[in-house]
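**Q** Questions regarding the structure given below will be posed in turn.
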Amino acid sequence: MTDIQIRRTKIVATLGPATDAPGMLEKILEEGVDIVRLNLSHGTPDDHRARAAAVRAAAETVGREVGILADLQGPKIRVEKFADGPVDLMVGDSFVLDCRPDAPLGDQTRVGVSYYDLPNDVKAGDILLLDDGLIALAVNEVVGAEVRCTVAIGGRLSNRKGLNRQGGGLSVSALSDKDRNDIKLAAEMGADFLAVSFVRSAADLHEARRLLREAGGDAGIVSKIECADAIPVLGEIIDASDVVMVARGDLGVEIGDAELPGLQKKIIRESVMRNRSVITATQMLQSMVRAPIPTRAEVLDVANAVIDGTDAVMLSEESAAGAHPDKAVAAMRRICLGAERQFEPRDDLRPSTHSLDRSDQAIALAAMVLASQIGVRAIVSLTESGATAQWLSRYRFAVPIYAMSPSDVARRRMLMLRDVQPVAFETGKLDPAHTARAALQHLFSLGKLVKGDRVILTHGDHIGSHGGTNTLKLLVIGEDGIADSLRDQTRHPRPLGVNSTHWLTNEGVMIRNPLRTGAIVAAVLLVAGPAAAQTIRKVAPDRLPYYWTLTNTSVSADVPNIGSNLDKPGCVAVTYMIGSDGRTQNVVAAKTVPQGDLDKVGVSAVKDFRYGPSGVNRAAEPVNTYYVVGFNLPEDPARKAAIVKQCALPGYQTT
């Protein structure tokens with residue numbers, strides 16, 4: 001493998017009129033855009049459909065996978081239009097915000113407002129900020145539907161400029177009617193990410209996710225942190241998100257510029273600690289809307305976000321309406337590469353600092369401990385859903401992670417993960433050893449690995465199924481791309497001795513090829529052993545909503561015409577596993593009361609169940625659970641409960 005630096009930080013670019021120019025979309029993809037943003041605040045649904053289709057076509061043309069992020073407008077509060085164009089407000093002028101639906105066109109003394117409940121949310125002494133804080137109004141009094149103000153900071157005010165209350169506190173709903181329609185549009189376009197604007201609580205994200213799933217979409221949910229009300233509940237919002245965006249425009253207006261740098265660092269740090277991707281956005285290279293090169297201050301701004309550990313940096317107006325979209329992307333790429341050379345990997349890879357609840361978490365930490373101690377060229381993760389790659393990327397170690405998956409949806413979602421390079425790879429029906437050999441040969445053929453490269457490989461016992469990564473191997477690439485220890489599939493493990501260079505096993509955790517010190521072996525086993533040996537969590541039905549939510553509105557079942565006890569009151573306890581894809585696996589009738597043929601009916605119904613992960617289970621952790629299917633139950637609640645209770649199963653987590 002050559003020593004050409006691989007960019008670790010991802011680039012998001014907003015599409016607009018500037019990228020509609022012939023050939024420009026292909027140019028920005030070639031310059032390094034990983035994800036494109038469709039700003040649903042502007043343009044028509046047909047505009048967005050056309051751009052989404054153009055992205056897919058351009059990605060195929062340049063031979064790259066590119067994700068699509070659909071960004072909802074949100075309930076941005078704006079002033080309405082003026083009768084005779086912009087007005088110049090002077091300090092000390094009186095100015096009225098008219099919050100009636102039938103407010104007349106604005107003039108020098110007043111203007112309508114899109115948020116009719118504003119009089120209920122403000123009081124005398126509040127400061128209202130217009131046009132991203134360029135104009136400030138001090139509230140004097142609220143009279144009916146009028147908010148009467150004095151201009152504190154003057155400036156030119158034009159149509160449809162934004163309005164914020166300094167410090168936040170406006171109670172407008174997070175999802176407007178337009179947003180609800182645009183969620184359906186995002187699902188129709190097959191967007192990979194859906195950004196929710198002006199998030200104030202985790203409930204806003206749960207609602208957006210529910211609407212998206214109902215529309216048939218499976219995009220990752222991006223929470224845009226851009227209002228002060230989100231800060232006190234930041235942890236809850238991050239946990240309910242798949243991705244977090246530091247949206248610095250409106251956020252800076254509400255909390256003040258001086259507070260913004262520290263808060264940006266906090267949001268990045270908290271997101272990474274909570275296993276979420278994070279985007280830093282807004283005016284990162286603003287001068288490049290017109291200029292062909294960025295200012296030194298902008299270079300430092302982007303570089304600091306990269307050094308702080310952001311997964312992605314975003315271009316807005318620079319690419320959507322700028323004079324040089326391709327140059328803006330190229331500048332962003334150069335800055336990221338330069339900053340990454342100064343990035344210091346995390347040095348806190350200690351088991352005591354991490355809660356290892358899952359085997360893939362333990363394997364990810366073990367891989368990073370191993371990589372930090374002996375040095376490897378790359379980490380190769382065979383992953384179906386991308387969950388293991390996400391855990392690996394959270395440790396922020398300067399090693400490329402090749403995430404090999406057959407799922408194009410999973411690969412595009414992984415484009416948001418720092419350090420992760422998604423690679424298309426079909427596992428077929430090979431056993432784990434042959435799959436591992438084929439994966440390394442594929443990377444070898446792509447020029448990503450060469451003879452002598454030392455790599456870490458992670459996978460599960462059952463290649464091609466969601467969840468369950470429990471195996472780690474240390475391998476050295478051979479002359480033909482095959483690791484020596486993978487050539488002879490008939491070899492058997494022998495006991496680890498002082499001079500052994502074979503493998504060592506600990507409940508599925510395997511490290512092949514010589515390790516230089518016993519301390520490294522002990523560290524990996526200490527990290528990975530206990531979690532790799534654990535079974536999948538068993539969750540009782542009443543606890544299941546904390547992990548997975550049933551998305552079916554109806555299911556079908558195969559009911560025989562004749563059979564034993566089909567017409568009697570009874571129940572069947574059906575056990576199953578919910579995989580990372582939300583589908584049921586290993587469906588078995590564990591208990592039937594009374595004994596008869598009801599078990600077959602229960603199994604056929606549960607096989608059709610489909611689930612979506614809850615807000616606290618964004619990593620889509622598989623769980624074992626059971627469902628009680630009732631038949632011919634009486635109307636009386638007490639009698640019904642008594643029958644169903646007979647099918648309760650012991651040994652499942654209830655708290």
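Quick note on naming: the chains in the structure tokens go A, B, ... in the order shown, residues restart at 1 in each chain, and ligands are numbered from 1 in order of appearance.
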At a cut-off of 8 Å, using only C-alpha atoms, what residues contact Leu69 of chain A? Leave out same-chain residues fewer than 2 positions from it and give the result as a ChimeraX atom specification.
**A** /A:35-38,67,71,191-195
**Q** Next, the residues of the selection above should be written as a compact mmCIF listing (two decimals), in the first residue's frame with N, CA and C atoms.
**A**
```
# COMPACT_ATOMS: atom_id res chain seq x y z
N ILE A 35 -21.15 13.35 1.01
CA ILE A 35 -22.60 13.42 1.20
C ILE A 35 -23.08 14.76 0.67
N VAL A 36 -24.17 14.74 -0.08
CA VAL A 36 -24.76 15.98 -0.56
C VAL A 36 -25.99 16.32 0.29
N ARG A 37 -26.20 17.61 0.46
CA ARG A 37 -27.33 18.09 1.26
C ARG A 37 -28.35 18.74 0.35
N LEU A 38 -29.59 18.30 0.47
CA LEU A 38 -30.71 18.93 -0.22
C LEU A 38 -31.43 19.82 0.79
N GLY A 67 -23.77 9.76 -0.29
CA GLY A 67 -24.99 9.79 0.50
C GLY A 67 -25.80 11.06 0.22
N ASP A 71 -32.63 18.01 4.29
CA ASP A 71 -32.65 18.92 5.44
C ASP A 71 -33.98 19.65 5.50
N ALA A 191 -33.59 9.15 0.63
CA ALA A 191 -32.55 9.89 1.34
C ALA A 191 -31.89 8.99 2.39
N ASP A 192 -30.59 9.17 2.57
CA ASP A 192 -29.84 8.37 3.55
C ASP A 192 -29.87 9.00 4.93
N PHE A 193 -30.09 10.32 4.98
CA PHE A 193 -30.16 11.05 6.24
C PHE A 193 -31.29 12.07 6.15
N LEU A 194 -31.95 12.31 7.29
CA LEU A 194 -33.00 13.32 7.39
C LEU A 194 -32.65 14.25 8.54
N ALA A 195 -32.43 15.54 8.23
CA ALA A 195 -32.06 16.51 9.26
C ALA A 195 -33.30 17.23 9.76
```
**Q** Quick one, how far is atom CA of Asp581 of chain A from atom CA of Trp391 of chain A?
**A** 17.2 Å
**Q** Could you name the residues that touch segment 300-309 of chain A at 8 Å or less, counting only C-alpha atoms, but leaving out those on the same chain fewer than 2 positions away, as number ranges by chain?
**A** A: 9, 265, 268-269, 272, 280, 284, 296-298, 311-313, 332, 335-336, 338-340, 342-344, 396
**Q** Go ahead and write the selection's residues with N, CA and C atoms as a compact mmCIF listing (two decimals), in the first residue's frame.
**A**
```
# COMPACT_ATOMS: atom_id res chain seq x y z
N THR A 9 -11.79 12.81 7.60
CA THR A 9 -12.97 13.61 7.87
C THR A 9 -13.83 13.70 6.61
N LYS A 265 -17.30 22.71 20.81
CA LYS A 265 -16.40 21.66 21.29
C LYS A 265 -17.16 20.67 22.17
N ILE A 268 -19.39 18.34 19.99
CA ILE A 268 -18.56 17.33 19.32
C ILE A 268 -18.13 16.26 20.31
N ARG A 269 -17.64 16.67 21.45
CA ARG A 269 -17.14 15.71 22.45
C ARG A 269 -18.26 14.80 22.94
N VAL A 272 -19.39 12.19 20.20
CA VAL A 272 -18.45 11.08 20.02
C VAL A 272 -18.54 10.13 21.21
N THR A 280 -20.05 19.54 11.69
CA THR A 280 -19.89 20.96 12.02
C THR A 280 -20.23 21.77 10.78
N MET A 284 -18.45 27.95 7.16
CA MET A 284 -17.09 27.47 7.39
C MET A 284 -16.11 28.09 6.39
N ARG A 296 -7.55 33.01 6.09
CA ARG A 296 -6.80 32.25 7.10
C ARG A 296 -7.70 31.90 8.29
N ALA A 297 -8.59 32.81 8.64
CA ALA A 297 -9.49 32.54 9.76
C ALA A 297 -10.40 31.35 9.45
N GLU A 298 -10.87 31.25 8.22
CA GLU A 298 -11.72 30.13 7.83
C GLU A 298 -10.94 28.82 7.84
N ASP A 311 -16.87 14.42 12.80
CA ASP A 311 -16.91 13.41 11.74
C ASP A 311 -16.93 14.06 10.37
N ALA A 312 -17.64 15.18 10.25
CA ALA A 312 -17.83 15.80 8.94
C ALA A 312 -17.86 17.31 9.08
N VAL A 313 -17.48 17.98 8.00
CA VAL A 313 -17.61 19.43 7.90
C VAL A 313 -18.50 19.72 6.70
N MET A 332 -11.70 22.64 1.21
CA MET A 332 -12.12 21.89 2.41
C MET A 332 -11.32 20.60 2.53
N ILE A 335 -7.72 21.37 3.71
CA ILE A 335 -7.67 21.77 5.11
C ILE A 335 -7.84 20.56 6.02
N CYS A 336 -8.78 19.68 5.66
CA CYS A 336 -8.99 18.46 6.46
C CYS A 336 -7.72 17.62 6.51
N GLY A 338 -4.62 18.55 6.07
CA GLY A 338 -3.60 19.21 6.86
C GLY A 338 -3.86 19.11 8.35
N ALA A 339 -5.11 19.32 8.75
CA ALA A 339 -5.46 19.24 10.17
C ALA A 339 -5.30 17.83 10.71
N GLU A 340 -5.63 16.83 9.88
CA GLU A 340 -5.52 15.44 10.33
C GLU A 340 -4.07 15.05 10.60
N GLN A 342 -2.10 16.85 12.15
CA GLN A 342 -1.81 17.37 13.48
C GLN A 342 -2.67 16.72 14.57
N PHE A 343 -3.59 15.87 14.15
CA PHE A 343 -4.52 15.26 15.10
C PHE A 343 -3.81 14.25 15.98
N GLU A 344 -4.04 14.32 17.28
CA GLU A 344 -3.44 13.38 18.22
C GLU A 344 -4.46 12.31 18.58
N ARG A 396 -11.36 7.17 17.44
CA ARG A 396 -10.55 8.23 16.87
C ARG A 396 -9.06 7.91 16.86
```
**Q** So the first atom is atom CA of Gly460 of chain A and the second is atom CA of Thr310 of chain A; what is the distance between them in Å, to one decimal place?
**A** 28.8 Å
